[in-house]
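J.: Pasting in a structure now, in structure tokens, and then I'll have a few things to ask.
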Amino acid sequence: MEIMKETIENVSNLLNNKQISSVELVKESLKQIEQTKSLNLLRETYNEQALDVAQIIDEKRTKGEKLTPLSGVPIIIKDNINMKDTLTTCSSKFLANYVSPYNATVVDKLIQAGAIIIGKANMDEFAMGSSSENCAFGVVHNPINPEYVTGGSSGGSAGTVAGNQCFASLGTDTGGSIRQPSAFCGVVGLKPTYGLVSRYGVVAFASSLDQVGPITKTVRDNAIMLDAIAGYDNKEFTSCDVKKENYYKDSFNNSIKGLKIGIAKEFFDLLENEQVIKSCTNAIEFFKQNGAEIIEISLPHIKDALAVYYVLSSAEAASNLARFDGIKYGVPTDEFADIVDFYIKSRTKGFGKEVKRRIMLGNFVLSSGYFDAYYNKAKAVQNLIISEFKNAFSKCDVIISPTTPSSAFKIGEKVNNPLEMYLNDIYTVPVNVATLSALSIPCGVDKNGMPLGLQLIGDRFSESKLYNLGDYFEKNCFSIREVK
């Protein structure tokens with residue numbers, strides 16, 4: 001048995017039946033990490049700490065204590081999520097020496113669930129990017145084919161799951177940063193409803209758009225992870241106080257009959273890649289043949305979502321990253337004329353090219369004379385997009401689209417063309433702009449053997465519907481194990 005290729009469901013059963021111990025599982029995980037270290041998926045690992053926690057969980061299991069499905073299971077988190085006494089670098093030189101003094105809420109929740117956090121994943125610097133090439137510590141490579149990107153910004157998180165270094169990971173999604181790399185790596189990624197998962201202790205990129213979510217090998221594993229991390233947090237002012245659901249227990253009914261699936265012409269008008277078109281068309285036909293009702297809907301302003309996203313996210317990024325001045329955070333410059341010169345040199349030295357680009361764009365749209373022309377106009381269009389989705393969900397239960405306009409591209413292919421890179425987010429950013437939920441699941445492979453992703457978009461707090469539809473597709477139409 002190749003234990004690291006197993007799902008959380010299966011591994012949990014093996015642990016409970018004493019067919020493997022948590023210590024053995026952690027050792028296997030660390031062994032796989034060592035064997036695949038050339039992929040540069042991780043920033044660091046916590047070998048001794050992980051083994052110590054595994055020993056404690058094994059003792060609890062021996063005593064017959066009640067444990068969760070995640071108890072003793074190795075998990076990886078993105079390197080913008082704070083974990084006490086560990087580095088939280090956001091893959092930036094600016095935070096290369098920053099040791100977190102506290103845990104993010106999602107880390108506390110994982111620990112409470114018994115998960116073993118064995119390391120932090122590489123990422124695009126400050127979560128800004130679509131390829132995980134914008135990292136101060138080296139490019140991240142796709143486990144399916146190392147010549148290709150993993151996607152971003154949670155490229156390391158998706159890659160660690162696809163590369164069998166762990167059984168699940170946490171990423172963050174501001175405009176597609178969980179779903180896009182999940183599609184590129186052939187794994188399952190959820191962007192939860194904004195406010196469903198606490199952002200407390202997560203380094204902010206764009207606070208009104210950021211959301212933490214799980215990346216897993218299967219849809220059911222994803223539900224197990226969401227059960228662990230979802231819930232109201234009074235430390236986080238955007239956290240939503242809604243009734244706690246049991247996603248793993250209640251989401252799956254093995255039927256999609258009568259489910260209304262919306263197809264937006266505007267989404268598919270943007271498609272040019274024949275293989276992506278074919279995979280999506282096949283999925284639509286599968287849903288139709290299995291009892292779902294296909295409904296045409298209209299989202300006329302969806303074409304404007306990308307522009308809205310880059311105006312709003314860059315404005316918020318410029319504001320959030322203003323705190324990184326080289327004094328409290330970062331490595332300060334040694335030579336400077338005055339305080340202004342100190343700030344300029346420290347930020348020039350500390351930030352990478354993509355982060356600087358977005359800070360400048362953000363400051364521009366917030367500047368006097370341009371605030372109304374850009375920022376306020378973007379907020380107005382955002383409201384139109386929210387309204388159009390609301391109208392669409394009055395007619396259907398779920399909307400489907402491609403996750404990305406293509407499969408993964410080769411490393412270096414788009415890194416010098418920011419506009420072409422930004423177009424990778426064309427199907428994912430509307431979900432963040434409208435604060436909705438969305439699930440990316442594998443739906444095929446292209447002619448090069450690289451995975452293709454299908455995006456299931458749900459209304460706010462409709463994760464259970466997405467899980468049921470995704471699980472049905474996964475079990476009856478496409479298996480994650482087909483991705484090579």
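Just so we're on the same page: first chain in the structure tokens is A, next is B, and so on; residues restart at 1 for each chain, and ligands are numbered from 1 in the order they show up.
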Would you mind listing what lies within 12 Å of Lys243 of chain A as a list of chain:residue names, with only C-alpha atoms counted and same-chain residues fewer than 5 positions away left out?

T.: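 So the residues in contact are A:Leu196, A:Ala230, A:Gly231, A:Tyr232, A:Phe461.
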
J.: Among segment 39-178 of chain A, which residues does DSSP mark as strand (DSSP E or B) when it is run on the backbone? Keep the chain and numbering as in the structure and answer as a PyMOL selection string.

T.: chain A and resi 42-45+74-78+81+87+99+116-121+148+168-172

J.: Near segment 434-444 of chain A, within 6 Å and counting only C-alpha atoms, which residues show up once chain neighbours fewer than 3 positions away are dropped, as a PyMOL selection string?

T.: chain A and resi 179+186+188-194+386+431+451-460

J.: So which residues touch Ser91 of chain A within 7 Å, counting only C-alpha atoms, skipping near sequence neighbours fewer than 6 positions away, as a list in words?

T.: Asp79, Asn122, Met123, Asp124, Glu125, Phe126, Cys135, Ala136 and Phe137 of chain A

J.: Selected residues, N, CA and C atoms, written as a PDB file, in the first residue's frame, please.

T.:
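Result written to out-v1.pdb:
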```pdb
ATOM      1  N   ASP A  79       1.999  29.569   3.832  1.00  0.00           N
ATOM      2  CA  ASP A  79       2.943  30.364   4.617  1.00  0.00           C
ATOM      3  C   ASP A  79       2.511  31.814   4.833  1.00  0.00           C
ATOM      4  N   ASN A 122       5.043  26.843   0.234  1.00  0.00           N
ATOM      5  CA  ASN A 122       5.489  27.972  -0.567  1.00  0.00           C
ATOM      6  C   ASN A 122       4.309  28.623  -1.274  1.00  0.00           C
ATOM      7  N   MET A 123       4.489  29.835  -1.775  1.00  0.00           N
ATOM      8  CA  MET A 123       3.383  30.597  -2.342  1.00  0.00           C
ATOM      9  C   MET A 123       3.914  31.779  -3.138  1.00  0.00           C
ATOM     10  N   ASP A 124       3.035  32.405  -3.906  1.00  0.00           N
ATOM     11  CA  ASP A 124       3.378  33.701  -4.485  1.00  0.00           C
ATOM     12  C   ASP A 124       3.495  34.723  -3.356  1.00  0.00           C
ATOM     13  N   GLU A 125       4.471  35.606  -3.462  1.00  0.00           N
ATOM     14  CA  GLU A 125       4.742  36.575  -2.408  1.00  0.00           C
ATOM     15  C   GLU A 125       3.486  37.362  -2.022  1.00  0.00           C
ATOM     16  N   PHE A 126       3.179  37.346  -0.725  1.00  0.00           N
ATOM     17  CA  PHE A 126       2.002  38.022  -0.176  1.00  0.00           C
ATOM     18  C   PHE A 126       0.719  37.620  -0.907  1.00  0.00           C
ATOM     19  N   CYS A 135       7.925  34.126  -5.947  1.00  0.00           N
ATOM     20  CA  CYS A 135       8.324  33.724  -4.598  1.00  0.00           C
ATOM     21  C   CYS A 135       9.778  34.096  -4.381  1.00  0.00           C
ATOM     22  N   ALA A 136      10.077  34.693  -3.241  1.00  0.00           N
ATOM     23  CA  ALA A 136      11.449  35.106  -2.955  1.00  0.00           C
ATOM     24  C   ALA A 136      12.379  33.929  -2.743  1.00  0.00           C
ATOM     25  N   PHE A 137      11.800  32.736  -2.575  1.00  0.00           N
ATOM     26  CA  PHE A 137      12.618  31.570  -2.243  1.00  0.00           C
ATOM     27  C   PHE A 137      12.584  30.500  -3.329  1.00  0.00           C
TER      28      PHE A 137
END
```

J.: Neighbours of Ile118 of chain A within 9 Å (only C-alpha atoms; same-chain residues fewer than 5 positions away dropped), as a list in words?

T.: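 So, after excluding close chain neighbours, the residues are Val26, Ser29, Leu30, Glu44, Thr45, Tyr46, Asn47, Gln49, Ala50, Leu51, Pro74, Ile75, Ile76, Ile77 and Cys166 of chain A.
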
J.: Save out the residues we just selected, C-alpha atoms, as a PDB file, in the first residue's frame.

T.:
```pdb
ATOM      1  CA  VAL A  26       4.226  11.335   9.931  1.00  0.00           C
ATOM      2  CA  SER A  29       4.964  12.040   5.066  1.00  0.00           C
ATOM      3  CA  LEU A  30       8.410  13.398   5.931  1.00  0.00           C
ATOM      4  CA  GLU A  44       9.832  24.590   6.147  1.00  0.00           C
ATOM      5  CA  THR A  45       8.830  21.463   8.055  1.00  0.00           C
ATOM      6  CA  TYR A  46       8.373  20.732  11.756  1.00  0.00           C
ATOM      7  CA  ASN A  47       9.763  17.216  11.995  1.00  0.00           C
ATOM      8  CA  GLN A  49       7.243  18.728  16.730  1.00  0.00           C
ATOM      9  CA  ALA A  50       5.083  16.659  14.355  1.00  0.00           C
ATOM     10  CA  LEU A  51       6.457  13.377  15.701  1.00  0.00           C
ATOM     11  CA  PRO A  74      -0.428  15.192   8.490  1.00  0.00           C
ATOM     12  CA  ILE A  75      -1.612  18.561   7.142  1.00  0.00           C
ATOM     13  CA  ILE A  76       0.240  21.496   5.555  1.00  0.00           C
ATOM     14  CA  ILE A  77      -0.716  25.172   5.771  1.00  0.00           C
ATOM     15  CA  CYS A 166       0.395  15.401   3.054  1.00  0.00           C
TER      16      CYS A 166
END
```

J.: When you count only C-alpha atoms, which of these residues is closest to Lys260 of chain A: A:Phe393, A:Tyr98, A:Tyr374, A:Tyr310?

T.: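 The answer is A:Phe393, which sits nearest to Lys260 of chain A.
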
J.: Please run DSSP on the backbone and report, as a ChimeraX atom specification, all residues within segment 207-418 of chain A that come out as alpha helix (DSSP H).

T.: /A:219-229,247-250,265-269,274-289,305-320,339-350,353-366,377-393,418

J.: Considering only C-alpha atoms, can you say which of A:Glu388, A:Ile178, A:Ile399, A:Ser313 comes closest to Glu296 of chain A?

T.: A:Ile399

J.: Need to verify the contact set: segment 405-420 of chain A, 7 Å, only C-alpha atoms, exclusion of same-chain residues closer than 3 positions in sequence. Can you return it as a list in words?

T.: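 Everything that qualifies: Glu147, Tyr148, Val149, Thr150, Gly151, Phe184, Leu271, Asn273, Val276, Pro402, Leu423, Asn424, Met450, Pro451 and Leu452 of chain A.
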
J.: Write a file of the selected residues as a CSV table (one decimal), in the first residue's frame, keeping all heavy atoms.

T.:
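Written out: result15.csv:
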```csv
chain,number,residue,atom,x,y,z
A,147,GLU,N,8.1,20.7,-15.2
A,147,GLU,CA,8.3,21.8,-16.1
A,147,GLU,C,7.2,22.9,-16.1
A,147,GLU,O,7.3,23.9,-16.6
A,147,GLU,CB,8.5,21.3,-17.5
A,147,GLU,CG,9.7,20.4,-17.7
A,147,GLU,CD,9.9,20.0,-19.1
A,147,GLU,OE1,9.1,20.4,-20.0
A,147,GLU,OE2,10.8,19.2,-19.4
A,148,TYR,N,6.1,22.5,-15.4
A,148,TYR,CA,4.9,23.4,-15.4
A,148,TYR,C,4.7,24.0,-14.1
A,148,TYR,O,5.2,23.5,-13.0
A,148,TYR,CB,3.7,22.5,-15.8
A,148,TYR,CG,3.6,22.1,-17.2
A,148,TYR,CD1,4.4,21.0,-17.7
A,148,TYR,CD2,2.8,22.7,-18.1
A,148,TYR,CE1,4.4,20.6,-19.0
A,148,TYR,CE2,2.7,22.3,-19.5
A,148,TYR,CZ,3.5,21.3,-19.9
A,148,TYR,OH,3.5,20.9,-21.2
A,149,VAL,N,3.9,25.1,-14.1
A,149,VAL,CA,3.6,25.8,-12.8
A,149,VAL,C,2.6,25.1,-12.1
A,149,VAL,O,1.8,24.3,-12.6
A,149,VAL,CB,3.1,27.3,-13.1
A,149,VAL,CG1,4.2,28.1,-13.9
A,149,VAL,CG2,1.8,27.3,-13.9
A,150,THR,N,2.5,25.4,-10.8
A,150,THR,CA,1.4,24.8,-9.9
A,150,THR,C,0.2,25.7,-9.9
A,150,THR,O,-0.9,25.3,-9.4
A,150,THR,CB,1.9,24.7,-8.5
A,150,THR,OG1,2.3,26.0,-8.0
A,150,THR,CG2,2.9,23.6,-8.3
A,151,GLY,N,0.3,26.9,-10.5
A,151,GLY,CA,-0.7,27.9,-10.3
A,151,GLY,C,-0.5,28.7,-9.0
A,151,GLY,O,0.5,28.4,-8.3
A,184,PHE,N,-4.9,23.2,-11.7
A,184,PHE,CA,-3.6,22.9,-12.4
A,184,PHE,C,-2.9,21.7,-11.8
A,184,PHE,O,-2.2,21.0,-12.5
A,184,PHE,CB,-2.7,24.1,-12.2
A,184,PHE,CG,-2.9,25.3,-13.1
A,184,PHE,CD1,-4.0,25.3,-14.0
A,184,PHE,CD2,-2.1,26.4,-13.2
A,184,PHE,CE1,-4.2,26.4,-14.9
A,184,PHE,CE2,-2.3,27.4,-14.0
A,184,PHE,CZ,-3.4,27.4,-14.9
A,271,LEU,N,-14.3,31.4,-23.6
A,271,LEU,CA,-13.4,30.3,-23.8
A,271,LEU,C,-12.9,30.1,-25.2
A,271,LEU,O,-13.6,30.4,-26.2
A,271,LEU,CB,-14.3,29.0,-23.5
A,271,LEU,CG,-14.1,28.4,-22.1
A,271,LEU,CD1,-15.0,27.1,-22.1
A,271,LEU,CD2,-12.7,28.0,-21.8
A,273,ASN,N,-9.9,27.7,-25.5
A,273,ASN,CA,-9.2,26.4,-25.4
A,273,ASN,C,-10.1,25.2,-25.7
A,273,ASN,O,-11.1,25.0,-24.9
A,273,ASN,CB,-8.5,26.3,-24.0
A,273,ASN,CG,-7.6,25.0,-24.0
A,273,ASN,OD1,-8.1,23.9,-24.0
A,273,ASN,ND2,-6.3,25.3,-23.7
A,276,VAL,N,-10.5,22.6,-22.9
A,276,VAL,CA,-11.3,23.1,-21.8
A,276,VAL,C,-12.8,23.0,-22.1
A,276,VAL,O,-13.6,22.6,-21.3
A,276,VAL,CB,-10.9,24.5,-21.3
A,276,VAL,CG1,-11.8,25.0,-20.2
A,276,VAL,CG2,-9.4,24.5,-20.8
A,402,PRO,N,-15.7,26.6,-16.4
A,402,PRO,CA,-14.3,26.1,-16.2
A,402,PRO,C,-13.7,26.8,-15.0
A,402,PRO,O,-14.1,27.9,-14.6
A,402,PRO,CB,-13.6,26.6,-17.5
A,402,PRO,CG,-14.7,27.0,-18.4
A,402,PRO,CD,-15.8,27.5,-17.6
A,423,LEU,N,-5.2,37.0,-16.7
A,423,LEU,CA,-6.4,36.4,-17.3
A,423,LEU,C,-6.6,35.0,-16.9
A,423,LEU,O,-7.7,34.4,-17.1
A,423,LEU,CB,-6.2,36.4,-18.9
A,423,LEU,CG,-6.3,37.8,-19.5
A,423,LEU,CD1,-5.9,37.7,-21.0
A,423,LEU,CD2,-7.8,38.3,-19.4
A,424,ASN,N,-5.7,34.4,-16.2
A,424,ASN,CA,-5.9,33.1,-15.6
A,424,ASN,C,-7.0,33.1,-14.5
A,424,ASN,O,-7.5,32.0,-14.2
A,424,ASN,CB,-4.6,32.6,-14.9
A,424,ASN,CG,-3.6,32.1,-15.9
A,424,ASN,OD1,-3.7,31.0,-16.5
A,424,ASN,ND2,-2.5,32.8,-16.2
A,450,MET,N,-1.9,17.1,-18.5
A,450,MET,CA,-2.0,18.1,-17.4
A,450,MET,C,-3.5,18.2,-17.0
A,450,MET,O,-4.4,18.3,-17.9
A,450,MET,CB,-1.5,19.5,-17.7
A,450,MET,CG,0.0,19.4,-18.0
A,450,MET,SD,1.0,18.7,-16.7
A,450,MET,CE,0.9,19.9,-15.4
A,451,PRO,N,-3.8,18.3,-15.7
A,451,PRO,CA,-5.2,18.3,-15.3
A,451,PRO,C,-6.0,19.6,-15.8
A,451,PRO,O,-5.5,20.6,-16.0
A,451,PRO,CB,-5.1,18.3,-13.8
A,451,PRO,CG,-3.7,17.9,-13.5
A,451,PRO,CD,-2.9,18.3,-14.6
A,452,LEU,N,-7.3,19.3,-15.9
A,452,LEU,CA,-8.3,20.4,-16.2
A,452,LEU,C,-9.3,20.4,-15.0
A,452,LEU,O,-9.6,19.4,-14.4
A,452,LEU,CB,-9.0,20.1,-17.5
A,452,LEU,CG,-8.2,20.0,-18.7
A,452,LEU,CD1,-9.0,19.5,-19.9
A,452,LEU,CD2,-7.6,21.4,-19.1
```

J.: Just checking: using only C-alpha atoms, which residue out of A:Asn222, A:Asn448, A:Asn476, A:Ser157 ends up closest to Gln289 of chain A?

T.: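 Distance minimum relative to Gln289 of chain A lands on A:Asn476.
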
J.: Out of A:Asn376, A:Ser198, A:Thr172, A:Gln165, which residue has the shortest atom-to-atom distance to Lys109 of chain A when counting only C-alpha atoms?

T.: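 Of the candidates, the smallest distance to Lys109 of chain A is held by A:Ser198.
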
J.: Interatomic distance between atom CA of Phe287 of chain A and atom CA of Asn254 of chain A?

T.: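 Atom CA of Asn254 of chain A lies at a distance of 12.8 Å from atom CA of Phe287 of chain A.
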
J.: Between A:Ala168, A:Asn432, A:Ala54, A:Gly159, which residue has the minimum interatomic distance to Ser207 of chain A, considering only C-alpha atoms?

T.: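 The shortest atom-to-atom distance to Ser207 of chain A comes from A:Asn432.
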
J.: For atom CA of Met225 of chain A and atom CA of Ile57 of chain A, determine how far apart the two atoms are, in Å to one decimal place.

T.: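 That distance, rounded to one decimal, is 18.1 Å.
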
J.: Measuring atom to atom with only C-alpha atoms, identify which of A:Leu469, A:Ala127, A:Leu384, A:Val445 is nearest to Ala183 of chain A.

T.: A:Val445

J.: Tell me, as a PDB file with C-alpha atoms, in the first residue's frame, which residues lie within 12 Å of Asn246 of chain A, counting only C-alpha atoms; anything in the same chain fewer than 5 positions away does not count.

T.:
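Ended up saving to out_17.pdb:
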```
ATOM      1  CA  ARG A 220     -15.375  14.090   0.898  1.00  0.00           C
ATOM      2  CA  ALA A 223     -15.818  18.329   3.678  1.00  0.00           C
ATOM      3  CA  ILE A 224     -13.871  16.801   6.575  1.00  0.00           C
ATOM      4  CA  MET A 225     -11.455  19.731   6.468  1.00  0.00           C
ATOM      5  CA  LEU A 226     -14.209  22.347   6.251  1.00  0.00           C
ATOM      6  CA  ASP A 227     -15.920  20.795   9.275  1.00  0.00           C
ATOM      7  CA  ALA A 228     -12.710  21.421  11.208  1.00  0.00           C
ATOM      8  CA  ILE A 229     -12.042  25.039  10.221  1.00  0.00           C
ATOM      9  CA  ALA A 230     -15.485  26.617   9.639  1.00  0.00           C
ATOM     10  CA  GLY A 231     -17.319  28.531  12.340  1.00  0.00           C
ATOM     11  CA  SER A 251     -23.800  16.890   2.326  1.00  0.00           C
ATOM     12  CA  PHE A 252     -23.911  13.624   0.404  1.00  0.00           C
ATOM     13  CA  GLU A 463     -21.172  24.465   0.379  1.00  0.00           C
ATOM     14  CA  SER A 464     -23.238  21.312   1.011  1.00  0.00           C
ATOM     15  CA  TYR A 467     -20.017  18.977  -2.146  1.00  0.00           C
TER      16      TYR A 467
END
```

J.: One decimal, Å: what's the distance from atom CA of Met421 of chain A over to atom CA of Gly138 of chain A, could you say?

T.: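 Separation between atom CA of Met421 of chain A and atom CA of Gly138 of chain A: 18.2 Å.
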